[in-house]
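**Q** To be precise about what I am sending: the file is called query.pdb and holds PDB, C-alpha atoms and all ligand atoms.
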ATOM      1  CA  MET A1271      10.967   6.074  -4.778
ATOM      2  CA  SER A1272       8.876   3.362  -3.209
ATOM      3  CA  ASP A1273       8.225   0.392  -5.488
ATOM      4  CA  HIS A1274       4.796  -0.008  -3.878
ATOM      5  CA  ALA A1275       2.096  -0.319  -6.570
ATOM      6  CA  GLY A1276       0.171   2.512  -4.884
ATOM      7  CA  ALA A1277       3.043   5.021  -5.160
ATOM      8  CA  ARG A1278       2.522   8.042  -7.409
ATOM      9  CA  LEU A1279       4.419  11.011  -8.755
ATOM     10  CA  THR A1280       2.791  14.396  -9.293
ATOM     11  CA  SER A1281       4.528  17.362 -10.862
ATOM     12  CA  ARG A1282       6.216  18.364  -7.581
ATOM     13  CA  LEU A1283       5.534  15.508  -5.164
ATOM     14  CA  ARG A1284       6.403  11.906  -4.567
ATOM     15  CA  LEU A1285       3.470  10.143  -2.930
ATOM     16  CA  ASP A1286       4.384   6.970  -1.049
ATOM     17  CA  PRO A1287       1.794   4.697   0.580
ATOM     18  CA  VAL A1288       2.177   4.989   4.344
ATOM     19  CA  THR A1289       3.671   1.832   5.835
ATOM     20  CA  LYS A1290       5.020   1.108   9.316
ATOM     21  CA  SER A1291       8.401   2.312   8.135
ATOM     22  CA  HIS A1292       6.997   5.836   7.617
ATOM     23  CA  ALA A1293       6.184   6.435  11.290
ATOM     24  CA  ASP A1294       8.957   9.054  11.646
ATOM     25  CA  ASP A1295       7.724  11.052   8.666
ATOM     26  CA  LEU A1296       4.085  10.730   9.702
ATOM     27  CA  TRP A1297       5.094  12.008  13.115
ATOM     28  CA  LEU A1298       6.659  15.107  11.524
ATOM     29  CA  VAL A1299       3.264  15.887  10.017
ATOM     30  CA  HIS A1300       0.981  15.012  12.924
ATOM     31  CA  SER A1301       3.111  16.634  15.612
ATOM     32  CA  ASP A1302       3.035  19.944  13.728
ATOM     33  CA  ASP A1303       1.305  22.418  16.029
ATOM     34  CA  GLU A1304      -0.745  23.740  13.114
ATOM     35  CA  VAL A1305      -1.897  20.254  12.118
ATOM     36  CA  TRP A1306      -2.822  18.188  15.180
ATOM     37  CA  PRO A1307      -5.379  20.618  16.681
ATOM     38  CA  TRP A1308      -7.593  19.891  13.661
ATOM     39  CA  TYR A1309      -7.723  16.211  14.584
ATOM     40  CA  SER A1310      -7.843  16.092  18.345
ATOM     41  CA  ALA A1311      -7.830  18.197  21.494
ATOM     42  CA  HIS A1312      -4.461  16.673  22.393
ATOM     43  CA  LYS A1313      -1.217  16.319  20.546
ATOM     44  CA  PRO A1314      -0.888  12.645  19.559
ATOM     45  CA  THR A1315       1.799  10.565  21.191
ATOM     46  CA  ARG A1316       4.543   8.979  19.217
ATOM     47  CA  GLY A1317       2.991   5.558  19.987
ATOM     48  CA  GLN A1318      -0.368   6.642  18.575
ATOM     49  CA  ILE A1319       1.298   7.699  15.347
ATOM     50  CA  GLU A1320       3.119   4.368  15.110
ATOM     51  CA  ARG A1321      -0.228   2.588  15.475
ATOM     52  CA  ARG A1322      -1.756   4.870  12.856
ATOM     53  CA  ALA A1323       1.078   4.062  10.443
ATOM     54  CA  ALA A1324       0.520   0.352  11.108
ATOM     55  CA  LEU A1325      -3.205   0.699  10.367
ATOM     56  CA  MET A1326      -2.448   2.526   7.135
ATOM     57  CA  ASP A1327       0.052  -0.179   6.185
ATOM     58  CA  GLU A1328      -2.544  -2.862   6.810
ATOM     59  CA  SER A1329      -5.217  -0.921   4.923
ATOM     60  CA  TRP A1330      -2.984  -0.621   1.871
ATOM     61  CA  ARG A1331      -2.514  -4.387   1.953
ATOM     62  CA  LEU A1332      -6.101  -5.411   2.688
ATOM     63  CA  HIS A1333      -8.191  -2.533   1.318
ATOM     64  CA  GLY A1334      -5.866  -1.580  -1.539
ATOM     65  CA  VAL A1335      -5.552   2.011  -0.387
ATOM     66  CA  HIS A1336      -4.955   4.439   2.468
ATOM     67  CA  LYS A1337      -3.072   7.684   2.874
ATOM     68  CA  TRP A1338       0.130   8.704   1.145
ATOM     69  CA  ILE A1339       3.048  10.498   2.729
ATOM     70  CA  ALA A1340       4.102  13.335   0.418
ATOM     71  CA  TYR A1341       7.725  14.351  -0.258
ATOM     72  CA  GLN A1342       9.072  17.181  -2.377
ATOM     73  CA  ARG A1343      10.516  15.526  -5.428
ATOM     74  CA  ASP A1344      13.478  17.855  -5.673
ATOM     75  CA  ASP A1345      14.845  17.577  -2.127
ATOM     76  CA  GLY A1346      12.897  14.783  -0.407
ATOM     77  CA  GLN A1347      11.507  16.969   2.394
ATOM     78  CA  VAL A1348       8.325  15.715   4.057
ATOM     79  CA  VAL A1349       5.465  17.980   2.941
ATOM     80  CA  GLY A1350       2.443  16.286   4.465
ATOM     81  CA  ARG A1351       0.150  13.340   4.191
ATOM     82  CA  GLY A1352      -3.101  12.824   2.385
ATOM     83  CA  GLY A1353      -5.125  10.999  -0.157
ATOM     84  CA  LEU A1354      -7.801   8.372   0.165
ATOM     85  CA  SER A1355      -9.046   5.908   2.723
ATOM     86  CA  ARG A1356     -11.992   3.599   2.774
ATOM     87  CA  THR A1357     -14.759   4.694   5.111
ATOM     88  CA  ALA A1358     -15.814   2.584   8.061
ATOM     89  CA  ALA A1359     -19.279   1.059   8.043
ATOM     90  CA  ASP A1360     -20.347   2.863  11.175
ATOM     91  CA  ALA A1361     -23.082   5.229  12.182
ATOM     92  CA  ASP A1362     -21.034   8.370  11.611
ATOM     93  CA  TRP A1363     -20.070   7.551   8.059
ATOM     94  CA  GLY A1364     -23.597   6.241   7.502
ATOM     95  CA  GLN A1365     -24.750   9.863   7.671
ATOM     96  CA  ILE A1366     -23.118  10.315   4.271
ATOM     97  CA  TYR A1367     -25.658   8.024   2.563
ATOM     98  CA  GLU A1368     -28.089  10.902   2.210
ATOM     99  CA  PHE A1369     -25.585  12.736  -0.010
ATOM    100  CA  LEU A1370     -24.946   9.757  -2.296
ATOM    101  CA  PRO A1371     -27.226   8.165  -4.897
ATOM    102  CA  ASP A1372     -29.883   5.928  -3.387
ATOM    103  CA  GLU A1373     -28.459   2.850  -5.082
ATOM    104  CA  PRO A1374     -27.260  -0.510  -3.720
ATOM    105  CA  TRP A1375     -23.574   0.292  -4.250
ATOM    106  CA  THR A1376     -23.742   3.038  -1.644
ATOM    107  CA  ARG A1377     -24.202   0.502   1.164
ATOM    108  CA  GLU A1378     -22.094  -2.364  -0.106
ATOM    109  CA  ALA A1379     -19.219  -3.542   2.061
ATOM    110  CA  HIS A1380     -15.699  -4.203   0.852
ATOM    111  CA  ASP A1381     -14.961  -7.919   0.924
ATOM    112  CA  ALA A1382     -11.982  -7.571   3.297
ATOM    113  CA  PRO A1383     -13.427  -7.250   6.817
ATOM    114  CA  PHE A1384     -10.016  -6.208   8.211
ATOM    115  CA  PRO A1385      -8.620  -3.895   9.419
ATOM    116  CA  PHE A1386     -12.224  -2.639   9.573
ATOM    117  CA  THR A1387     -15.465  -3.185   7.677
ATOM    118  CA  ALA A1388     -15.481  -0.569   4.979
ATOM    119  CA  HIS A1389     -17.697   0.699   2.188
ATOM    120  CA  ALA A1390     -16.710  -0.885  -1.104
ATOM    121  CA  ASN A1391     -17.566   1.792  -3.630
ATOM    122  CA  TRP A1392     -16.864   5.204  -2.144
ATOM    123  CA  LEU A1393     -13.920   6.622  -0.269
ATOM    124  CA  GLU A1394     -12.896   9.555   1.852
ATOM    125  CA  ILE A1395     -10.172  11.995   0.797
ATOM    126  CA  GLY A1396      -8.148  14.299   3.042
ATOM    127  CA  TRP A1397      -4.882  16.221   3.451
ATOM    128  CA  ALA A1398      -2.568  17.697   6.070
ATOM    129  CA  VAL A1399       0.430  19.832   5.153
ATOM    130  CA  ARG A1400       3.241  20.903   7.509
ATOM    131  CA  HIS A1401       2.908  24.592   8.215
ATOM    132  CA  GLU A1402       6.054  25.623   6.325
ATOM    133  CA  PHE A1403       4.653  24.103   3.122
ATOM    134  CA  ARG A1404       1.261  25.823   3.159
ATOM    135  CA  GLY A1405       0.086  28.220   0.476
ATOM    136  CA  LEU A1406       1.952  26.413  -2.287
ATOM    137  CA  GLY A1407      -0.834  24.280  -3.701
ATOM    138  CA  TYR A1408       0.549  21.001  -2.340
ATOM    139  CA  ALA A1409      -2.694  19.878  -0.678
ATOM    140  CA  SER A1410      -4.577  20.416  -3.918
ATOM    141  CA  GLU A1411      -1.905  18.461  -5.784
ATOM    142  CA  ILE A1412      -2.347  15.548  -3.354
ATOM    143  CA  GLY A1413      -6.122  15.873  -3.647
ATOM    144  CA  ARG A1414      -6.141  15.716  -7.445
ATOM    145  CA  ALA A1415      -3.861  12.675  -7.385
ATOM    146  CA  GLY A1416      -6.238  11.035  -4.900
ATOM    147  CA  LEU A1417      -9.262  11.615  -7.117
ATOM    148  CA  ALA A1418      -7.437  10.163 -10.101
ATOM    149  CA  PHE A1419      -6.425   7.115  -8.044
ATOM    150  CA  ALA A1420     -10.004   6.605  -6.836
ATOM    151  CA  PHE A1421     -11.628   6.780 -10.243
ATOM    152  CA  THR A1422      -8.994   5.247 -12.506
ATOM    153  CA  VAL A1423      -7.327   2.661 -10.276
ATOM    154  CA  LEU A1424      -9.880   1.679  -7.633
ATOM    155  CA  GLY A1425     -12.952   2.068  -9.831
ATOM    156  CA  ALA A1426     -14.749   4.065  -7.137
ATOM    157  CA  ASN A1427     -18.201   5.505  -7.760
ATOM    158  CA  ALA A1428     -17.750   8.494  -5.451
ATOM    159  CA  VAL A1429     -15.259  10.322  -3.252
ATOM    160  CA  VAL A1430     -16.320  12.380  -0.246
ATOM    161  CA  SER A1431     -14.460  14.816   1.969
ATOM    162  CA  CYS A1432     -15.467  16.067   5.400
ATOM    163  CA  THR A1433     -14.046  18.794   7.560
ATOM    164  CA  LEU A1434     -15.099  20.894  10.517
ATOM    165  CA  ARG A1435     -17.331  23.713   9.315
ATOM    166  CA  HIS A1436     -14.806  26.356  10.347
ATOM    167  CA  ASN A1437     -11.854  24.739   8.567
ATOM    168  CA  ALA A1438     -11.760  27.249   5.728
ATOM    169  CA  PRO A1439      -8.375  26.147   4.282
ATOM    170  CA  SER A1440      -9.541  22.537   3.925
ATOM    171  CA  ARG A1441     -12.883  23.592   2.436
ATOM    172  CA  ALA A1442     -10.951  25.687  -0.073
ATOM    173  CA  VAL A1443      -8.961  22.621  -1.147
ATOM    174  CA  MET A1444     -12.203  20.678  -1.698
ATOM    175  CA  GLU A1445     -13.558  23.461  -3.905
ATOM    176  CA  ARG A1446     -10.265  23.915  -5.734
ATOM    177  CA  ILE A1447     -10.137  20.273  -6.827
ATOM    178  CA  GLY A1448     -13.716  20.323  -8.067
ATOM    179  CA  MET A1449     -15.670  18.719  -5.236
ATOM    180  CA  ARG A1450     -19.137  20.107  -4.572
ATOM    181  CA  TYR A1451     -20.670  21.067  -1.260
ATOM    182  CA  ALA A1452     -23.386  18.537  -0.345
ATOM    183  CA  GLY A1453     -24.438  19.394   3.212
ATOM    184  CA  GLU A1454     -23.462  18.854   6.832
ATOM    185  CA  ILE A1455     -23.257  16.022   9.335
ATOM    186  CA  LYS A1456     -22.523  15.956  13.059
ATOM    187  CA  SER A1457     -19.661  14.073  14.597
ATOM    188  CA  ARG A1458     -17.104  14.242  17.351
ATOM    189  CA  GLY A1459     -14.738  17.163  17.101
ATOM    190  CA  LEU A1460     -13.830  20.610  18.315
ATOM    191  CA  ILE A1461     -16.354  23.327  17.679
ATOM    192  CA  ASN A1462     -14.676  26.586  16.733
ATOM    193  CA  GLY A1463     -13.056  28.141  19.792
ATOM    194  CA  ALA A1464     -13.847  25.236  22.132
ATOM    195  CA  THR A1465     -11.179  23.421  24.101
ATOM    196  CA  ARG A1466     -13.083  20.161  24.514
ATOM    197  CA  GLU A1467     -14.354  17.888  21.802
ATOM    198  CA  GLN A1468     -18.092  17.417  21.454
ATOM    199  CA  ASP A1469     -20.130  14.661  19.827
ATOM    200  CA  ASP A1470     -22.147  17.071  17.726
ATOM    201  CA  ALA A1471     -19.506  19.227  16.030
ATOM    202  CA  PRO A1472     -20.658  20.331  12.557
ATOM    203  CA  TYR A1473     -18.759  18.897   9.587
ATOM    204  CA  VAL A1474     -19.275  20.007   6.002
ATOM    205  CA  VAL A1475     -19.413  17.274   3.387
ATOM    206  CA  HIS A1476     -18.186  17.637  -0.177
ATOM    207  CA  VAL A1477     -18.864  14.958  -2.783
ATOM    208  CA  LEU A1478     -17.602  14.079  -6.233
ATOM    209  CA  LEU A1479     -19.308  11.338  -8.227
ATOM    210  CA  ARG A1480     -17.388   9.462 -10.882
ATOM    211  CA  ASP A1481     -19.489  11.100 -13.638
ATOM    212  CA  GLU A1482     -18.765  14.563 -12.268
ATOM    213  CA  TRP A1483     -14.995  14.119 -12.207
ATOM    214  CA  GLN A1484     -13.352  16.247 -14.831
ATOM    215  CA  GLY A1485     -10.971  13.432 -15.555
ATOM    216  CA  VAL A1486      -7.723  15.227 -14.978
ATOM    217  CA  PRO A1487      -5.356  12.349 -15.684
ATOM    218  CA  ALA A1488      -3.427  10.790 -12.822
ATOM    219  CA  THR A1489      -0.620  13.318 -12.893
ATOM    220  CA  GLY A1490       2.581  11.408 -13.323
ATOM    221  CA  ALA A1491       1.340   7.979 -12.368
ATOM    222  CA  SER A1492       4.386   6.263 -10.976
ATOM    223  CA  ARG A1493       4.689   3.874 -13.855
ATOM    224  CA  GLY A1494       3.515   5.287 -17.154
ATOM    225  CA  GLN A1495       0.263   7.017 -17.844
ATOM    226  CA  PRO A1496      -3.163   6.712 -16.243
ATOM    227  CA  ARG A1497      -3.949   3.108 -16.073
ATOM    228  CA  ALA A1498      -7.097   2.412 -17.996
ATOM    229  CA  THR A1499      -6.322  -1.279 -17.954
ATOM    230  CA  GLU A1500      -5.538  -1.184 -14.277
ATOM    231  CA  ALA A1501      -8.934   0.350 -13.683
ATOM    232  CA  ALA A1502     -10.400  -2.803 -15.119
ATOM    233  CA  GLN A1503      -7.901  -5.314 -13.720
ATOM    234  CA  GLY A1504      -7.430  -3.853 -10.298
ATOM    235  CA  ARG A1505     -11.031  -2.824  -9.847
ATOM    236  CA  ARG A1506     -11.965  -3.880  -6.366
ATOM    237  CA  SER A1507     -15.299  -2.257  -6.176
ATOM    238  CA  GLY A1508     -17.211  -2.278  -9.415
ATOM    239  CA  PRO A1509     -20.602  -3.778 -10.067
ATOM    240  CA  GLY A1510     -20.501  -7.509 -10.423
ATOM    241  CA  ARG A1511     -17.471  -7.940  -8.152
ATOM    242  CA  ARG A1512     -17.797 -11.120  -6.178
ATOM    243  CA  GLY A1513     -17.862 -11.070  -2.421
ATOM    244  CA  ILE A1514     -19.875  -7.873  -2.013
ATOM    245  CA  THR A1515     -22.035  -7.930   1.062
ATOM    246  CA  PRO A1516     -24.661  -5.372   1.917
ATOM    247  CA  ILE A1517     -23.993  -3.423   5.087
ATOM    248  CA  PRO A1518     -26.623  -4.033   7.763
ATOM    249  CA  THR A1519     -28.235  -1.220   9.702
ATOM    250  CA  LEU A1520     -25.479   0.868  11.248
ATOM    251  CA  THR A1521     -25.396   1.281  14.964
ATOM    252  CA  THR A1522     -21.756   1.190  16.012
ATOM    253  CA  ARG A1523     -20.103   4.518  16.397
ATOM    254  CA  VAL A1524     -16.441   4.695  15.529
ATOM    255  CA  ARG A1525     -14.777   7.991  16.138
ATOM    256  CA  PHE A1526     -15.413   9.646  12.813
ATOM    257  CA  PRO A1527     -12.669  12.118  11.938
ATOM    258  CA  SER A1528      -9.719  10.165  13.178
ATOM    259  CA  SER A1529     -10.602   6.544  12.508
ATOM    260  CA  PRO A1530     -10.102   6.585   8.756
ATOM    261  CA  ALA A1531      -8.201   9.806   8.201
TER
HETATM  262  C1  LIG B   1      -5.970  22.122   4.912
HETATM  263  C2  LIG B   1      -4.549  22.398   4.429
HETATM  264  C3  LIG B   1      -3.914  21.097   3.949
HETATM  265  C4  LIG B   1      -4.632  23.395   3.271
HETATM  266  O1  LIG B   1      -3.318  23.750   2.885
HETATM  267  P1  LIG B   1      -3.096  24.932   1.817
HETATM  268  O2  LIG B   1      -1.649  25.110   1.675
HETATM  269  O3  LIG B   1      -3.927  26.096   2.205
HETATM  270  O4  LIG B   1      -3.777  24.350   0.507
HETATM  271  P2  LIG B   1      -3.069  24.146  -0.903
HETATM  272  O5  LIG B   1      -1.863  23.333  -0.714
HETATM  273  O6  LIG B   1      -4.097  23.670  -1.838
HETATM  274  O7  LIG B   1      -2.580  25.619  -1.283
HETATM  275  C5  LIG B   1      -3.512  26.593  -1.715
HETATM  276  C6  LIG B   1      -2.882  27.956  -1.607
HETATM  277  O8  LIG B   1      -1.632  27.930  -2.284
HETATM  278  C7  LIG B   1      -1.635  28.911  -3.359
HETATM  279  N1  LIG B   1      -0.808  28.368  -4.430
HETATM  280  C8  LIG B   1       0.468  28.742  -4.660
HETATM  281  N2  LIG B   1       0.980  28.015  -5.652
HETATM  282  C9  LIG B   1       0.021  27.177  -6.070
HETATM  283  C10 LIG B   1      -0.042  26.180  -7.068
HETATM  284  N3  LIG B   1       1.020  25.905  -7.839
HETATM  285  N4  LIG B   1      -1.184  25.484  -7.215
HETATM  286  C11 LIG B   1      -2.253  25.740  -6.450
HETATM  287  N5  LIG B   1      -2.242  26.680  -5.464
HETATM  288  C12 LIG B   1      -1.121  27.392  -5.276
HETATM  289  C13 LIG B   1      -3.098  29.104  -3.661
HETATM  290  O9  LIG B   1      -3.340  30.335  -4.268
HETATM  291  C14 LIG B   1      -3.695  29.032  -2.280
HETATM  292  O10 LIG B   1      -3.425  30.244  -1.592
HETATM  293  P3  LIG B   1      -4.516  30.955  -0.663
HETATM  294  O11 LIG B   1      -4.704  30.039   0.520
HETATM  295  O12 LIG B   1      -3.876  32.248  -0.320
HETATM  296  O13 LIG B   1      -5.758  31.077  -1.479
HETATM  297  C15 LIG B   1      -3.684  22.990   5.554
HETATM  298  O14 LIG B   1      -4.290  24.164   6.022
HETATM  299  C16 LIG B   1      -3.499  22.024   6.723
HETATM  300  O15 LIG B   1      -2.653  21.150   6.685
HETATM  301  N6  LIG B   1      -4.321  22.201   7.788
HETATM  302  C17 LIG B   1      -4.213  21.328   8.966
HETATM  303  C18 LIG B   1      -4.718  19.960   8.708
HETATM  304  C19 LIG B   1      -6.158  20.002   8.245
HETATM  305  O16 LIG B   1      -6.958  20.818   8.686
HETATM  306  N7  LIG B   1      -6.497  19.061   7.381
HETATM  307  C20 LIG B   1      -7.854  18.881   6.929
HETATM  308  C21 LIG B   1      -8.596  18.144   7.977
HETATM  309  S1  LIG B   1     -10.153  17.616   7.329
END
Rewrite the coordinates I just gave you, this time as structure tokens.
Ligand SMILES: CC(C)(COP(=O)(O)OP(=O)(O)OC[C@H]1O[C@@H](n2cnc3c(N)ncnc32)[C@H](O)[C@@H]1OP(=O)(O)O)[C@@H](O)C(=O)NCCC(=O)NCCS

**A**
Amino acid sequence: MSDHAGARLTSRLRLDPVTKSHADDLWLVHSDDEVWPWYSAHKPTRGQIERRAALMDESWRLHGVHKWIAYQRDDGQVVGRGGLSRTAADADWGQIYEFLPDEPWTREAHDAPFPFTAHANWLEIGWAVRHEFRGLGYASEIGRAGLAFAFTVLGANAVVSCTLRHNAPSRAVMERIGMRYAGEIKSRGLINGATREQDDAPYVVHVLLRDEWQGVPATGASRGQPRATEAAQGRRSGPGRRGITPIPTLTTRVRFPSSPA
């Protein structure tokens, strides 16, 4: 398996941080005809996926996290991709503030301004599974590993998840892993049945605060057990961390569903 510090093992999956070298496997996931329509009105090009893999690679290096690519442990087949990413400090993600505690940490920026200015203390979680691997609980397994990584390794205060209102399978994953429905926001996406994206598509938002997490241990952390010490050592986002800067009023709009996910 990858010797990347962000790699994880769950009971059935090997979760490797996406780097440039995973473009082929990421393509397998995002070119799946039952995956890409949830992200865009058009199938992504191979070049777009290479750029996405490069962004994820850079985010792992500079932000300490981004998505994993998931492989079956027993035969190495590509199952999907998922996990965490930091959220951009833009107007779309700023809509989430109303669902988070009205405390300074909610609007604090991560100290690495590249590859994008991101919130320091809360992250987004998501999943996409190739169609032949659906209905097996893999997305939930990725989701639980992501929550454990957020709270025990990154020291996050909250994790949020957003999906188009009509994406019942993704909403079911959010519920299954213990996230609670918080409300809705509007962002660019495909309204159910439409063929063109709109700026005001409804997205449901689920939230899990650190205190609400049931603390299911990081299933099969790649090296040893859940890393209590790592939570302290590797904490990039806790109170008192130097370099935190408050995020100014948000005006820029970065395409919400696809920029971080
Ligand atoms: C969203 C998505 C990842 C959900 O995949 P999924 O396979 O339905 O979700 P899970 O992997 O958690 O599997 C849950 C199902 O497996 C079943 N299951 C079987 N074995 C299981 C196990 N060991 N553990 C948990 N569930 C198991 C569950 O009962 C459930 O079945 P149900 O749907 O009939 O209720 C998938 O639909 C997808 O990739 N969609 C396209 C991309 C997308 O929309 N992503 C989200 C964008 S925000």

**Q** When distances are computed from all atoms listed in the file, which of A:Phe1421, A:Trp1363, A:Trp1392, A:Trp1330 shows the smallest separation from A:Thr1289?

**A**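 Looking only at the distances to A:Thr1289, the closest residue turns out to be A:Trp1330.
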
**Q** Figure out the distance between atom CA of A:Leu1434 and atom CA of A:Ala1471, please, to one decimal in Å.

**A**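 Separating atom CA of A:Ala1471 from atom CA of A:Leu1434 is a distance of 7.3 Å.
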
**Q** Please identify all protein, DNA and RNA residues within 7 Å of ligand LIG 1 (chain B), counting only C-alpha atoms and all ligand atoms, and report them as a PDB file with C-alpha atoms, keeping the file's coordinate frame.

**A**
ATOM      1  CA  GLU A1304      -0.745  23.740  13.114  1.00  0.00           C
ATOM      2  CA  VAL A1305      -1.897  20.254  12.118  1.00  0.00           C
ATOM      3  CA  TRP A1306      -2.822  18.188  15.180  1.00  0.00           C
ATOM      4  CA  TRP A1308      -7.593  19.891  13.661  1.00  0.00           C
ATOM      5  CA  TYR A1309      -7.723  16.211  14.584  1.00  0.00           C
ATOM      6  CA  GLY A1396      -8.148  14.299   3.042  1.00  0.00           C
ATOM      7  CA  TRP A1397      -4.882  16.221   3.451  1.00  0.00           C
ATOM      8  CA  ALA A1398      -2.568  17.697   6.070  1.00  0.00           C
ATOM      9  CA  VAL A1399       0.430  19.832   5.153  1.00  0.00           C
ATOM     10  CA  ARG A1400       3.241  20.903   7.509  1.00  0.00           C
ATOM     11  CA  HIS A1401       2.908  24.592   8.215  1.00  0.00           C
ATOM     12  CA  PHE A1403       4.653  24.103   3.122  1.00  0.00           C
ATOM     13  CA  ARG A1404       1.261  25.823   3.159  1.00  0.00           C
ATOM     14  CA  GLY A1405       0.086  28.220   0.476  1.00  0.00           C
ATOM     15  CA  LEU A1406       1.952  26.413  -2.287  1.00  0.00           C
ATOM     16  CA  GLY A1407      -0.834  24.280  -3.701  1.00  0.00           C
ATOM     17  CA  TYR A1408       0.549  21.001  -2.340  1.00  0.00           C
ATOM     18  CA  ALA A1409      -2.694  19.878  -0.678  1.00  0.00           C
ATOM     19  CA  SER A1410      -4.577  20.416  -3.918  1.00  0.00           C
ATOM     20  CA  GLU A1411      -1.905  18.461  -5.784  1.00  0.00           C
ATOM     21  CA  CYS A1432     -15.467  16.067   5.400  1.00  0.00           C
ATOM     22  CA  THR A1433     -14.046  18.794   7.560  1.00  0.00           C
ATOM     23  CA  LEU A1434     -15.099  20.894  10.517  1.00  0.00           C
ATOM     24  CA  ASN A1437     -11.854  24.739   8.567  1.00  0.00           C
ATOM     25  CA  PRO A1439      -8.375  26.147   4.282  1.00  0.00           C
ATOM     26  CA  SER A1440      -9.541  22.537   3.925  1.00  0.00           C
ATOM     27  CA  VAL A1443      -8.961  22.621  -1.147  1.00  0.00           C
TER      28      VAL A1443
END

**Q** When you draw a straight line from atom CA of A:Val1475 to atom CA of A:Ser1457, how long is it in Å?

**A** 11.7 Å

**Q** In terms of the shortest atom-to-atom distance over all atoms listed in the file, which of A:Pro1287, A:Pro1385, A:Gly1364, A:Pro1314 is closest to A:His1333?

**A**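 Looking only at the distances to A:His1333, the closest residue turns out to be A:Pro1385.
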
**Q** Report, in Å with one decimal, the straight-line distance from atom CA of A:Ile1455 to atom CA of A:Ala1390.

**A**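 Going from atom CA of A:Ile1455 over to atom CA of A:Ala1390, I get 20.9 Å.
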
**Q** Tell me which of A:Arg1458, A:Arg1351, A:Arg1446, A:Arg1356 sits closest to A:Ala1379, counting all atoms listed in the file.

**A** A:Arg1356

**Q** As JSON, please report the centre and edge lengths, rounded to one decimal in Å, of the axis-aligned box that holds all listed atoms of stretch 1461-1473 of chain A with 4 Å of padding on each of the six sides.

**A**
{"center_x": -16.7, "center_y": 21.4, "center_z": 17.1, "size_x": 19.0, "size_y": 21.5, "size_z": 22.9}

**Q** When you look at A:Glu1328 with a cut-off of 12 Å (counting all atoms listed in the file), what residues show up, excluding the ones that are within fewer than 2 positions of it in the same chain? I need them as a VMD selection string.

**A** chain A and resid 1287 to 1290 1321 to 1326 1330 to 1337 1355 1382 to 1386
